[in-house]
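**Student:** For reference, the file data_39.pdb (PDB, C-alpha atoms) is included below:
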```pdb
ATOM      1  CA  MET A1300      48.661 -23.834 -31.739
ATOM      2  CA  ASN A1301      47.273 -26.474 -29.405
ATOM      3  CA  ASP A1302      43.486 -26.008 -29.214
ATOM      4  CA  SER A1303      43.678 -25.835 -25.419
ATOM      5  CA  TRP A1304      45.624 -22.574 -25.551
ATOM      6  CA  THR A1305      44.613 -19.176 -26.886
ATOM      7  CA  ARG A1306      47.300 -16.666 -27.833
ATOM      8  CA  THR A1307      46.570 -12.956 -28.138
ATOM      9  CA  THR A1308      48.542  -9.713 -28.010
ATOM     10  CA  THR A1309      45.585  -7.754 -26.633
ATOM     11  CA  LEU A1310      43.096  -8.961 -24.038
ATOM     12  CA  ASN A1311      39.527  -8.001 -24.855
ATOM     13  CA  ALA A1312      37.298  -6.758 -22.038
ATOM     14  CA  ASP A1313      35.942 -10.207 -21.186
ATOM     15  CA  GLN A1314      39.373 -11.851 -21.261
ATOM     16  CA  ARG A1315      40.851  -9.129 -19.079
ATOM     17  CA  LEU A1316      38.180  -9.674 -16.416
ATOM     18  CA  GLU A1317      38.651 -13.433 -16.636
ATOM     19  CA  VAL A1318      42.388 -13.092 -16.123
ATOM     20  CA  LEU A1319      42.001 -10.666 -13.215
ATOM     21  CA  ASN A1320      39.489 -13.004 -11.564
ATOM     22  CA  LEU A1321      41.889 -15.933 -12.020
ATOM     23  CA  LEU A1322      44.755 -13.905 -10.544
ATOM     24  CA  ASN A1323      42.632 -12.918  -7.553
ATOM     25  CA  ARG A1324      41.418 -16.472  -6.916
ATOM     26  CA  THR A1325      44.959 -17.792  -7.184
ATOM     27  CA  GLU A1326      46.288 -15.211  -4.746
ATOM     28  CA  VAL A1327      43.615 -16.113  -2.198
ATOM     29  CA  ALA A1328      44.399 -19.815  -2.579
ATOM     30  CA  LEU A1329      48.191 -19.388  -2.382
ATOM     31  CA  GLY A1330      48.319 -16.527   0.107
ATOM     32  CA  ARG A1331      50.777 -14.637  -2.107
ATOM     33  CA  GLU A1332      50.961 -12.739  -5.378
ATOM     34  CA  ALA A1333      49.936 -14.755  -8.435
ATOM     35  CA  LEU A1334      52.011 -12.742 -10.907
ATOM     36  CA  ASP A1335      54.950 -10.362 -10.833
ATOM     37  CA  GLU A1336      53.847  -6.785 -10.193
ATOM     38  CA  GLY A1337      55.066  -5.553 -13.568
ATOM     39  CA  ARG A1338      53.185  -8.227 -15.470
ATOM     40  CA  ARG A1339      50.059  -7.783 -13.386
ATOM     41  CA  ARG A1340      50.113  -4.097 -14.295
ATOM     42  CA  ILE A1341      50.014  -5.069 -17.973
ATOM     43  CA  VAL A1342      46.761  -6.929 -17.303
ATOM     44  CA  VAL A1343      45.270  -4.269 -15.025
ATOM     45  CA  HIS A1344      45.885  -1.458 -17.522
ATOM     46  CA  GLY A1345      45.003  -3.489 -20.602
ATOM     47  CA  TRP A1346      48.420  -3.001 -22.188
ATOM     48  CA  LYS A1347      49.641  -5.113 -25.068
ATOM     49  CA  GLY A1348      51.627  -8.252 -24.405
ATOM     50  CA  VAL A1349      51.792 -11.854 -25.528
ATOM     51  CA  HIS A1350      49.030 -13.460 -23.496
ATOM     52  CA  TYR A1351      48.326 -17.178 -23.285
ATOM     53  CA  LEU A1352      44.983 -18.428 -21.968
ATOM     54  CA  LYS A1353      43.866 -22.007 -21.346
ATOM     55  CA  TYR A1354      40.197 -22.923 -20.984
ATOM     56  CA  GLU A1355      38.452 -26.016 -19.697
ATOM     57  CA  ASP A1356      34.671 -26.365 -20.153
ATOM     58  CA  GLY A1357      34.535 -22.691 -21.065
ATOM     59  CA  ALA A1358      36.304 -21.491 -17.922
ATOM     60  CA  LEU A1359      39.751 -19.913 -17.789
ATOM     61  CA  VAL A1360      42.022 -22.211 -15.767
ATOM     62  CA  LYS A1361      45.537 -21.052 -16.718
ATOM     63  CA  TYR A1362      47.115 -17.775 -17.797
ATOM     64  CA  ALA A1363      50.668 -16.836 -18.777
ATOM     65  CA  LEU A1364      52.344 -13.688 -20.066
ATOM     66  CA  LEU A1365      55.420 -13.527 -22.275
ATOM     67  CA  ASN A1366      57.515 -10.380 -22.540
ATOM     68  CA  GLY A1367      61.130  -9.236 -22.817
ATOM     69  CA  THR A1368      63.129  -7.783 -25.683
ATOM     70  CA  LYS A1369      66.352  -9.789 -25.479
ATOM     71  CA  THR A1370      65.265 -13.218 -24.283
ATOM     72  CA  PRO A1371      61.498 -13.861 -24.163
ATOM     73  CA  THR A1372      60.526 -14.323 -20.521
ATOM     74  CA  LEU A1373      57.331 -16.014 -19.377
ATOM     75  CA  GLU A1374      55.508 -16.231 -16.076
ATOM     76  CA  MET A1375      52.407 -18.309 -15.463
ATOM     77  CA  CYS A1376      49.740 -17.362 -12.963
ATOM     78  CA  GLY A1377      50.750 -18.978  -9.691
ATOM     79  CA  GLY A1378      54.330 -19.525 -10.835
ATOM     80  CA  GLY A1379      53.703 -22.934 -12.377
ATOM     81  CA  PHE A1380      55.117 -24.756 -15.387
ATOM     82  CA  ASP A1381      53.374 -26.267 -18.409
ATOM     83  CA  ARG A1382      55.315 -28.461 -20.836
ATOM     84  CA  ASP A1383      52.684 -28.155 -23.582
ATOM     85  CA  LEU A1384      52.924 -24.366 -23.495
ATOM     86  CA  LEU A1385      56.713 -24.567 -23.642
ATOM     87  CA  GLY A1386      56.346 -26.607 -26.825
ATOM     88  CA  GLU A1387      54.159 -23.888 -28.310
ATOM     89  CA  LEU A1388      56.702 -21.224 -27.370
ATOM     90  CA  PHE A1389      59.456 -23.203 -29.084
ATOM     91  CA  SER A1390      57.523 -22.904 -32.338
ATOM     92  CA  GLU A1391      58.412 -19.200 -32.305
ATOM     93  CA  HIS A1392      61.485 -18.898 -30.064
ATOM     94  CA  GLU A1393      64.759 -20.764 -29.766
ATOM     95  CA  ILE A1394      65.349 -19.685 -26.153
ATOM     96  CA  VAL A1395      62.722 -19.053 -23.475
ATOM     97  CA  ASP A1396      63.215 -17.963 -19.861
ATOM     98  CA  TRP A1397      60.471 -19.097 -17.469
ATOM     99  CA  TRP A1398      59.874 -17.894 -13.899
ATOM    100  CA  THR A1399      58.944 -20.661 -11.463
ATOM    101  CA  ARG A1400      58.082 -20.517  -7.783
ATOM    102  CA  GLY A1401      58.765 -23.352  -5.399
ATOM    103  CA  SER A1402      60.175 -26.630  -6.707
ATOM    104  CA  SER A1403      61.581 -26.643 -10.244
ATOM    105  CA  ASP A1404      62.566 -30.323 -10.227
ATOM    106  CA  ASN A1405      60.343 -31.094 -13.217
ATOM    107  CA  CYS A1406      61.914 -28.362 -15.332
ATOM    108  CA  GLU A1407      64.674 -29.630 -17.597
ATOM    109  CA  GLY A1408      66.378 -26.296 -18.038
ATOM    110  CA  ASP A1409      69.163 -24.277 -16.460
ATOM    111  CA  VAL A1410      68.636 -21.885 -13.556
ATOM    112  CA  VAL A1411      69.962 -18.520 -14.715
ATOM    113  CA  ARG A1412      68.686 -16.368 -11.858
ATOM    114  CA  THR A1413      67.237 -16.812  -8.371
ATOM    115  CA  LEU A1414      65.193 -14.215  -6.499
ATOM    116  CA  GLN A1415      64.768 -14.566  -2.760
ATOM    117  CA  LEU A1416      61.704 -13.308  -0.939
ATOM    118  CA  LEU A1417      62.705 -12.168   2.550
ATOM    119  CA  THR A1418      60.359 -11.314   5.421
ATOM    120  CA  LEU A1419      60.799  -9.295   8.617
ATOM    121  CA  ARG A1420      58.743  -8.561  11.726
ATOM    122  CA  LEU A1421      58.917  -4.942  12.877
ATOM    123  CA  PRO A1422      60.258  -3.015  14.684
ATOM    124  CA  VAL A1423      64.025  -2.905  14.127
ATOM    125  CA  PRO A1424      66.605  -0.415  15.455
ATOM    126  CA  VAL A1425      66.771   2.683  13.269
ATOM    127  CA  VAL A1426      70.148   4.008  12.124
ATOM    128  CA  ALA A1427      70.384   7.791  12.331
ATOM    129  CA  VAL A1428      70.863   9.936   9.245
ATOM    130  CA  PRO A1429      74.454  11.239   9.002
ATOM    131  CA  ALA A1430      74.853  14.824  10.125
ATOM    132  CA  HIS A1431      76.073  15.917   6.683
ATOM    133  CA  ALA A1432      73.062  14.389   4.919
ATOM    134  CA  ARG A1433      69.434  15.432   4.493
ATOM    135  CA  LEU A1434      66.523  12.977   4.480
ATOM    136  CA  ARG A1435      63.274  14.054   2.826
ATOM    137  CA  ASN A1436      60.368  12.745   0.770
ATOM    138  CA  PHE A1437      60.457  12.344  -2.992
ATOM    139  CA  GLU A1438      58.747  15.167  -4.897
ATOM    140  CA  SER A1439      57.249  14.264  -8.268
ATOM    141  CA  GLY A1440      58.294  16.711 -10.972
ATOM    142  CA  ARG A1441      61.298  17.897  -8.985
ATOM    143  CA  ASP A1442      63.222  14.714  -8.253
ATOM    144  CA  ASP A1443      62.363  12.546 -11.253
ATOM    145  CA  ALA A1444      65.511  13.034 -13.319
ATOM    146  CA  ALA A1445      67.916  12.997 -10.374
ATOM    147  CA  TRP A1446      66.349   9.875  -8.862
ATOM    148  CA  LEU A1447      66.329   8.030 -12.190
ATOM    149  CA  ALA A1448      70.017   8.849 -12.704
ATOM    150  CA  GLN A1449      70.917   7.687  -9.177
ATOM    151  CA  ASN A1450      68.842   4.517  -9.284
ATOM    152  CA  ASN A1451      69.891   3.493 -12.792
ATOM    153  CA  ALA A1452      73.547   3.999 -11.881
ATOM    154  CA  ALA A1453      73.135   1.886  -8.741
ATOM    155  CA  PHE A1454      71.459  -0.891 -10.763
ATOM    156  CA  ALA A1455      73.514  -0.575 -13.931
ATOM    157  CA  ASP A1456      73.774  -4.360 -14.317
ATOM    158  CA  HIS A1457      70.290  -5.234 -13.048
ATOM    159  CA  PRO A1458      67.817  -6.677 -15.606
ATOM    160  CA  GLU A1459      64.760  -4.792 -14.258
ATOM    161  CA  GLN A1460      65.952  -1.828 -12.213
ATOM    162  CA  GLY A1461      68.869  -0.576 -14.264
ATOM    163  CA  ALA A1462      67.128   0.970 -17.257
ATOM    164  CA  TRP A1463      64.096   2.842 -15.964
ATOM    165  CA  LEU A1464      62.770   5.586 -18.214
ATOM    166  CA  PRO A1465      60.763   8.633 -17.113
ATOM    167  CA  VAL A1466      57.587   6.860 -18.229
ATOM    168  CA  ASP A1467      58.350   3.925 -15.889
ATOM    169  CA  LEU A1468      58.602   6.242 -12.899
ATOM    170  CA  ASP A1469      55.605   8.300 -13.954
ATOM    171  CA  GLU A1470      53.378   5.242 -14.300
ATOM    172  CA  ARG A1471      54.230   3.980 -10.823
ATOM    173  CA  THR A1472      53.851   7.340  -9.109
ATOM    174  CA  HIS A1473      50.329   7.497 -10.556
ATOM    175  CA  GLU A1474      49.311   4.077  -9.251
ATOM    176  CA  PRO A1475      46.593   4.124  -6.530
ATOM    177  CA  TRP A1476      49.020   2.667  -3.993
ATOM    178  CA  PHE A1477      51.696   5.349  -4.433
ATOM    179  CA  ASP A1478      52.364   7.422  -1.317
ATOM    180  CA  PRO A1479      55.217   9.961  -1.443
ATOM    181  CA  SER A1480      55.574   9.779   2.342
ATOM    182  CA  GLY A1481      56.976   6.282   1.835
ATOM    183  CA  PHE A1482      59.517   7.354  -0.811
ATOM    184  CA  LEU A1483      62.650   8.616   0.941
ATOM    185  CA  ILE A1484      65.479  10.583  -0.664
ATOM    186  CA  LEU A1485      68.869  11.115   0.984
ATOM    187  CA  GLU A1486      70.765  14.172  -0.196
ATOM    188  CA  ILE A1487      74.466  14.837   0.326
ATOM    189  CA  ASP A1488      76.010  18.049  -1.030
ATOM    190  CA  GLY A1489      72.849  18.664  -3.048
ATOM    191  CA  ARG A1490      72.997  15.280  -4.791
ATOM    192  CA  VAL A1491      70.707  12.258  -4.468
ATOM    193  CA  ALA A1492      73.028   9.839  -2.687
ATOM    194  CA  ALA A1493      70.538   7.097  -1.818
ATOM    195  CA  SER A1494      66.840   6.328  -1.715
ATOM    196  CA  CYS A1495      64.351   3.915  -0.212
ATOM    197  CA  TRP A1496      60.906   3.511  -1.757
ATOM    198  CA  THR A1497      58.415   1.661   0.413
ATOM    199  CA  LYS A1498      54.943   0.356  -0.330
ATOM    200  CA  VAL A1499      52.008  -0.684   1.841
ATOM    201  CA  HIS A1500      49.799  -3.469   0.489
ATOM    202  CA  GLU A1501      46.626  -1.876   1.829
ATOM    203  CA  LEU A1502      44.197  -4.316   0.166
ATOM    204  CA  HIS A1503      45.935  -7.458   1.385
ATOM    205  CA  PRO A1504      44.265  -9.106   4.413
ATOM    206  CA  ASP A1505      47.557  -8.896   6.331
ATOM    207  CA  ARG A1506      48.282  -5.274   5.257
ATOM    208  CA  PHE A1507      52.022  -5.848   4.976
ATOM    209  CA  GLY A1508      54.752  -3.475   3.867
ATOM    210  CA  GLU A1509      57.418  -3.819   1.202
ATOM    211  CA  ILE A1510      60.839  -2.347   0.531
ATOM    212  CA  TYR A1511      59.957  -1.647  -3.091
ATOM    213  CA  VAL A1512      63.222  -0.098  -4.349
ATOM    214  CA  ILE A1513      66.384   0.543  -2.313
ATOM    215  CA  SER A1514      69.569   1.916  -3.851
ATOM    216  CA  VAL A1515      72.764   3.833  -3.124
ATOM    217  CA  SER A1516      74.602   5.843  -5.749
ATOM    218  CA  PRO A1517      77.962   4.296  -6.728
ATOM    219  CA  ASP A1518      79.618   7.572  -5.718
ATOM    220  CA  PHE A1519      78.406   7.147  -2.123
ATOM    221  CA  GLN A1520      78.727   3.426  -1.556
ATOM    222  CA  GLY A1521      80.856   2.086   1.284
ATOM    223  CA  GLN A1522      79.524   4.649   3.778
ATOM    224  CA  GLY A1523      76.830   2.530   5.409
ATOM    225  CA  LEU A1524      74.023   4.406   3.658
ATOM    226  CA  GLY A1525      72.265   1.193   2.668
ATOM    227  CA  ARG A1526      71.652   0.343   6.321
ATOM    228  CA  VAL A1527      70.578   3.922   7.027
ATOM    229  CA  MET A1528      68.021   3.918   4.226
ATOM    230  CA  VAL A1529      66.612   0.450   4.862
ATOM    231  CA  THR A1530      66.053   1.126   8.562
ATOM    232  CA  GLN A1531      64.611   4.573   7.876
ATOM    233  CA  GLY A1532      62.222   3.020   5.351
ATOM    234  CA  LEU A1533      61.250   0.314   7.824
ATOM    235  CA  ASP A1534      60.569   2.988  10.430
ATOM    236  CA  VAL A1535      58.233   4.770   8.005
ATOM    237  CA  LEU A1536      56.314   1.518   7.545
ATOM    238  CA  ARG A1537      56.195   0.919  11.308
ATOM    239  CA  ARG A1538      54.747   4.383  11.901
ATOM    240  CA  LYS A1539      52.021   3.539   9.363
ATOM    241  CA  GLY A1540      50.977   0.606  11.519
ATOM    242  CA  VAL A1541      52.684  -2.102   9.473
ATOM    243  CA  ASN A1542      53.951  -5.147  11.368
ATOM    244  CA  ASP A1543      55.418  -7.336   8.633
ATOM    245  CA  VAL A1544      57.649  -6.382   5.708
ATOM    246  CA  VAL A1545      58.875  -8.188   2.606
ATOM    247  CA  LEU A1546      61.498  -7.534  -0.021
ATOM    248  CA  PHE A1547      63.009  -9.310  -3.003
ATOM    249  CA  VAL A1548      66.753  -9.669  -3.496
ATOM    250  CA  ASP A1549      68.867 -11.493  -6.044
ATOM    251  CA  LYS A1550      70.537 -14.505  -4.474
ATOM    252  CA  SER A1551      73.767 -13.451  -6.194
ATOM    253  CA  ASN A1552      73.755 -10.069  -4.381
ATOM    254  CA  ILE A1553      75.802 -11.235  -1.397
ATOM    255  CA  GLY A1554      76.343  -7.765   0.078
ATOM    256  CA  ALA A1555      72.644  -6.882   0.131
ATOM    257  CA  ARG A1556      71.713 -10.284   1.551
ATOM    258  CA  ARG A1557      74.198  -9.860   4.399
ATOM    259  CA  LEU A1558      72.713  -6.465   5.220
ATOM    260  CA  TYR A1559      69.159  -7.777   5.251
ATOM    261  CA  GLU A1560      70.056 -10.861   7.282
ATOM    262  CA  SER A1561      71.815  -8.673   9.857
ATOM    263  CA  LEU A1562      68.575  -6.718  10.259
ATOM    264  CA  GLY A1563      66.610  -9.899  10.898
ATOM    265  CA  PHE A1564      65.124 -10.674   7.475
ATOM    266  CA  LYS A1565      64.353 -14.368   6.968
ATOM    267  CA  LEU A1566      64.101 -16.361   3.748
ATOM    268  CA  GLN A1567      60.508 -17.230   2.863
ATOM    269  CA  ARG A1568      60.889 -18.617  -0.676
ATOM    270  CA  GLU A1569      63.031 -18.633  -3.804
ATOM    271  CA  ASP A1570      61.789 -17.893  -7.320
ATOM    272  CA  LYS A1571      63.922 -19.338 -10.112
ATOM    273  CA  LEU A1572      64.317 -18.214 -13.700
ATOM    274  CA  ILE A1573      64.748 -21.350 -15.824
ATOM    275  CA  ARG A1574      66.241 -21.109 -19.306
ATOM    276  CA  PHE A1575      64.990 -23.546 -21.935
ATOM    277  CA  VAL A1576      66.761 -24.000 -25.262
ATOM    278  CA  ARG A1577      65.031 -25.627 -28.205
ATOM    279  CA  ASP A1578      66.703 -28.833 -29.389
TER     280      ASP A1578
END
```
Let me see the file written as structure tokens.
**Tutor:**
Amino acid sequence: MNDSWTRTTTLNADQRLEVLNLLNRTEVALGREALDEGRRRIVVHGWKGVHYLKYEDGALVKYALLNGTKTPTLEMCGGGFDRDLLGELFSEHEIVDWWTRGSSDNCEGDVVRTLQLLTLRLPVPVVAVPAHARLRNFESGRDDAAWLAQNNAAFADHPEQGAWLPVDLDERTHEPWFDPSGFLILEIDGRVAASCWTKVHELHPDRFGEIYVISVSPDFQGQGLGRVMVTQGLDVLRRKGVNDVVLFVDKSNIGARRLYESLGFKLQREDKLIRFVRD
């Protein structure tokens, strides 16, 4: 291992605080998140992972986290790229996927996925709930299994959203930011047909909202329920005093992108997943 990098599967108390401070400083400097929410949660909760830390003059200046069961996937704080670290990863892995934000011109790999960050200024026209449907708030303990089945079916081919377990839902509904009033369930004939889970970033200086998870059951697609749920979720955020909303969408998801663009969402940036293969 290059002396400039430290690799550990568990952050000790001092390292965890150093990483969190670096993430916070980076977010202030960039005006956006420094690390994917899922990876940041690993740091916040002190969970195990493959952590890489780089120090200069005793101070932490770079941090990256590697995870993933099929293909190891890495993200560096701030979304950057480091060729020396890639070399270290190749000592253990033949293939590495690396999330980058902004330009990836200096990355000699193949783009295997692109996430678009879209933004919207509220308000937008709200589409009414169909007469045969019922809109209500998610109830923990009652809706867990039904929502997981609906959401996993809707995202059957999605790398993050399509294989949620009860523990994944339970962890998120116990986060400080969770608010059931922003988690909408649409029922048709007693079944969960669609859902829209929203989030308010209360601690951000701009206090913006997010469409956190939006999905329609395959059995109910083609009925315009996606537009219903997105606009209903946006209305919930508006009534909470939110002015600006973000969401992430795969660039390959043409149908979802058309829906969001028709509602006024604009492209803010693209995050690219670059695949590197060891020679």
**Student:** Expanded to explicit residues, what is the PyMOL selection byres ((chain A and resi 1453) around 6) for this file, as a list of chain:residue names?
**Tutor:**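 So the PyMOL selection byres ((chain A and resi 1453) around 6) ends up selecting A:Asn1450, A:Asn1451, A:Ala1452, A:Phe1454, A:Ala1455, A:Val1515, A:Ser1516, A:Pro1517.
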**Student:** Do you have the atom CA of Gly1563 of chain A-atom CA of His1500 of chain A distance handy?
**Tutor:** 20.8 Å
**Student:** Taking (51.5, -7.2, 4.4) in the file's own coordinates, collect the residues within 8 Å, counting only C-alpha atoms, and hand them back as JSON, numbers by chain.
**Tutor:** {"A": [1499, 1500, 1501, 1503, 1504, 1505, 1506, 1507, 1508, 1509, 1541, 1542, 1543, 1544, 1545]}
**Student:** Would you save the residues of that selection, restricted to C-alpha atoms, as a PDB file, keeping the file's coordinate frame?
**Tutor:**
```
ATOM      1  CA  VAL A1499      52.008  -0.684   1.841  1.00  0.00           C
ATOM      2  CA  HIS A1500      49.799  -3.469   0.489  1.00  0.00           C
ATOM      3  CA  GLU A1501      46.626  -1.876   1.829  1.00  0.00           C
ATOM      4  CA  HIS A1503      45.935  -7.458   1.385  1.00  0.00           C
ATOM      5  CA  PRO A1504      44.265  -9.106   4.413  1.00  0.00           C
ATOM      6  CA  ASP A1505      47.557  -8.896   6.331  1.00  0.00           C
ATOM      7  CA  ARG A1506      48.282  -5.274   5.257  1.00  0.00           C
ATOM      8  CA  PHE A1507      52.022  -5.848   4.976  1.00  0.00           C
ATOM      9  CA  GLY A1508      54.752  -3.475   3.867  1.00  0.00           C
ATOM     10  CA  GLU A1509      57.418  -3.819   1.202  1.00  0.00           C
ATOM     11  CA  VAL A1541      52.684  -2.102   9.473  1.00  0.00           C
ATOM     12  CA  ASN A1542      53.951  -5.147  11.368  1.00  0.00           C
ATOM     13  CA  ASP A1543      55.418  -7.336   8.633  1.00  0.00           C
ATOM     14  CA  VAL A1544      57.649  -6.382   5.708  1.00  0.00           C
ATOM     15  CA  VAL A1545      58.875  -8.188   2.606  1.00  0.00           C
TER      16      VAL A1545
END
```
**Student:** On this structure, the PyMOL selection byres ((chain A and resi 1571) around 7) would catch which residues? List them as an NGL selection string, sorted by chain and number.
**Tutor:** :A and (1398-1400 or 1410 or 1412-1414 or 1569-1570 or 1572-1573)
**Student:** Can I get the selected residues back with C-alpha atoms, as an mmCIF file, keeping the file's coordinate frame?
**Tutor:**
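Produced file out.cif, reproduced below:
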```
data_model
loop_
_atom_site.group_PDB
_atom_site.id
_atom_site.type_symbol
_atom_site.label_atom_id
_atom_site.label_comp_id
_atom_site.auth_asym_id
_atom_site.auth_seq_id
_atom_site.Cartn_x
_atom_site.Cartn_y
_atom_site.Cartn_z
ATOM 1 C CA TRP A 1398 59.874 -17.894 -13.899
ATOM 2 C CA THR A 1399 58.944 -20.661 -11.463
ATOM 3 C CA ARG A 1400 58.082 -20.517 -7.783
ATOM 4 C CA VAL A 1410 68.636 -21.885 -13.556
ATOM 5 C CA ARG A 1412 68.686 -16.368 -11.858
ATOM 6 C CA THR A 1413 67.237 -16.812 -8.371
ATOM 7 C CA LEU A 1414 65.193 -14.215 -6.499
ATOM 8 C CA GLU A 1569 63.031 -18.633 -3.804
ATOM 9 C CA ASP A 1570 61.789 -17.893 -7.320
ATOM 10 C CA LEU A 1572 64.317 -18.214 -13.700
ATOM 11 C CA ILE A 1573 64.748 -21.350 -15.824
#
```
**Student:** Taking 3 positions as the minimum chain separation for residues in the same chain, which residues sit within 12 Å of Arg1324 of chain A when counting all atoms listed in the file? Answer as a ChimeraX atom specification.
**Tutor:** /A:1317-1321,1327-1334,1359-1361,1376-1377
**Student:** Which residues are close to Gly1440 of chain A, i.e. within 12 Å by only C-alpha atoms, leaving aside same-chain residues fewer than 6 positions away? Reply as a PyMOL selection string.
**Tutor:** chain A and resi 1446-1447+1465+1468-1469+1472
**Student:** With all atoms listed in the file as the counted atoms, please give the residues lying no more than 10 Å from Trp1304 of chain A, apart from itself and same-chain residues fewer than 5 positions off, as a list in words.
**Tutor:** His1350, Tyr1351, Leu1352, Lys1353, Tyr1354, Glu1355, Lys1361, Tyr1362, Asp1383, Leu1384 and Glu1387 of chain A
**Student:** May I ask for the distance between atom CA of Thr1372 of chain A and atom CA of Val1343 of chain A, given in Å to one decimal place?
**Tutor:**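 Those two atoms sit 19.1 Å apart.
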**Student:** Using all atoms listed in the file, determine which residues lie at most 12 Å from Ile1341 of chain A, disregarding the query and same-chain residues fewer than 5 positions distant; provide the list as a PyMOL selection string.
**Tutor:** chain A and resi 1308-1310+1315+1318-1319+1334-1336+1346-1350+1363-1366+1470
**Student:** Pick out the closest residue to Gly1540 of chain A from this set: A:Ser1390, A:Leu1421, A:Asp1356, A:Lys1565. Count all atoms listed in the file.
**Tutor:**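 Checking each of A:Ser1390, A:Leu1421, A:Asp1356, A:Lys1565 against Gly1540 of chain A, counting all atoms listed in the file, the winner is A:Leu1421.
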**Student:** Using all atoms listed in the file, which protein or nucleic acid residues come within 6 Å of segment 1481-1488 of chain A? Drop anything in the same chain fewer than 4 positions from it, and give the result as a list of chain:residue names.
**Tutor:**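 So, after excluding close chain neighbours, the residues are A:Ala1432, A:Arg1433, A:Leu1434, A:Arg1435, A:Asn1436, A:Phe1437, A:Ala1492, A:Ala1493, A:Ser1494, A:Cys1495, A:Trp1496, A:Thr1497.
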**Student:** Can you translate the PyMOL selection byres ((chain A and resi 1394) around 10) into the concrete residues it hits in this file, as a short mmCIF file (atom, residue, chain, number, x, y, z; two decimals) with C-alpha atoms, in the coordinates of the input?
**Tutor:**
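Listed below is the output, part-v5.cif:
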```cif
data_model
loop_
_atom_site.label_atom_id
_atom_site.label_comp_id
_atom_site.auth_asym_id
_atom_site.auth_seq_id
_atom_site.Cartn_x
_atom_site.Cartn_y
_atom_site.Cartn_z
CA LYS A 1369 66.35 -9.79 -25.48
CA THR A 1370 65.26 -13.22 -24.28
CA PRO A 1371 61.50 -13.86 -24.16
CA THR A 1372 60.53 -14.32 -20.52
CA LEU A 1388 56.70 -21.22 -27.37
CA PHE A 1389 59.46 -23.20 -29.08
CA GLU A 1391 58.41 -19.20 -32.30
CA HIS A 1392 61.48 -18.90 -30.06
CA GLU A 1393 64.76 -20.76 -29.77
CA VAL A 1395 62.72 -19.05 -23.48
CA ASP A 1396 63.22 -17.96 -19.86
CA TRP A 1397 60.47 -19.10 -17.47
CA ARG A 1574 66.24 -21.11 -19.31
CA PHE A 1575 64.99 -23.55 -21.94
CA VAL A 1576 66.76 -24.00 -25.26
CA ARG A 1577 65.03 -25.63 -28.20
CA ASP A 1578 66.70 -28.83 -29.39
#
```
**Student:** Can you work out which one of A:Pro1475, A:Trp1463, A:Phe1547, A:Leu1316 has the shortest atom-to-atom distance to Phe1564 of chain A, counting all atoms listed in the file?
**Tutor:** A:Phe1547
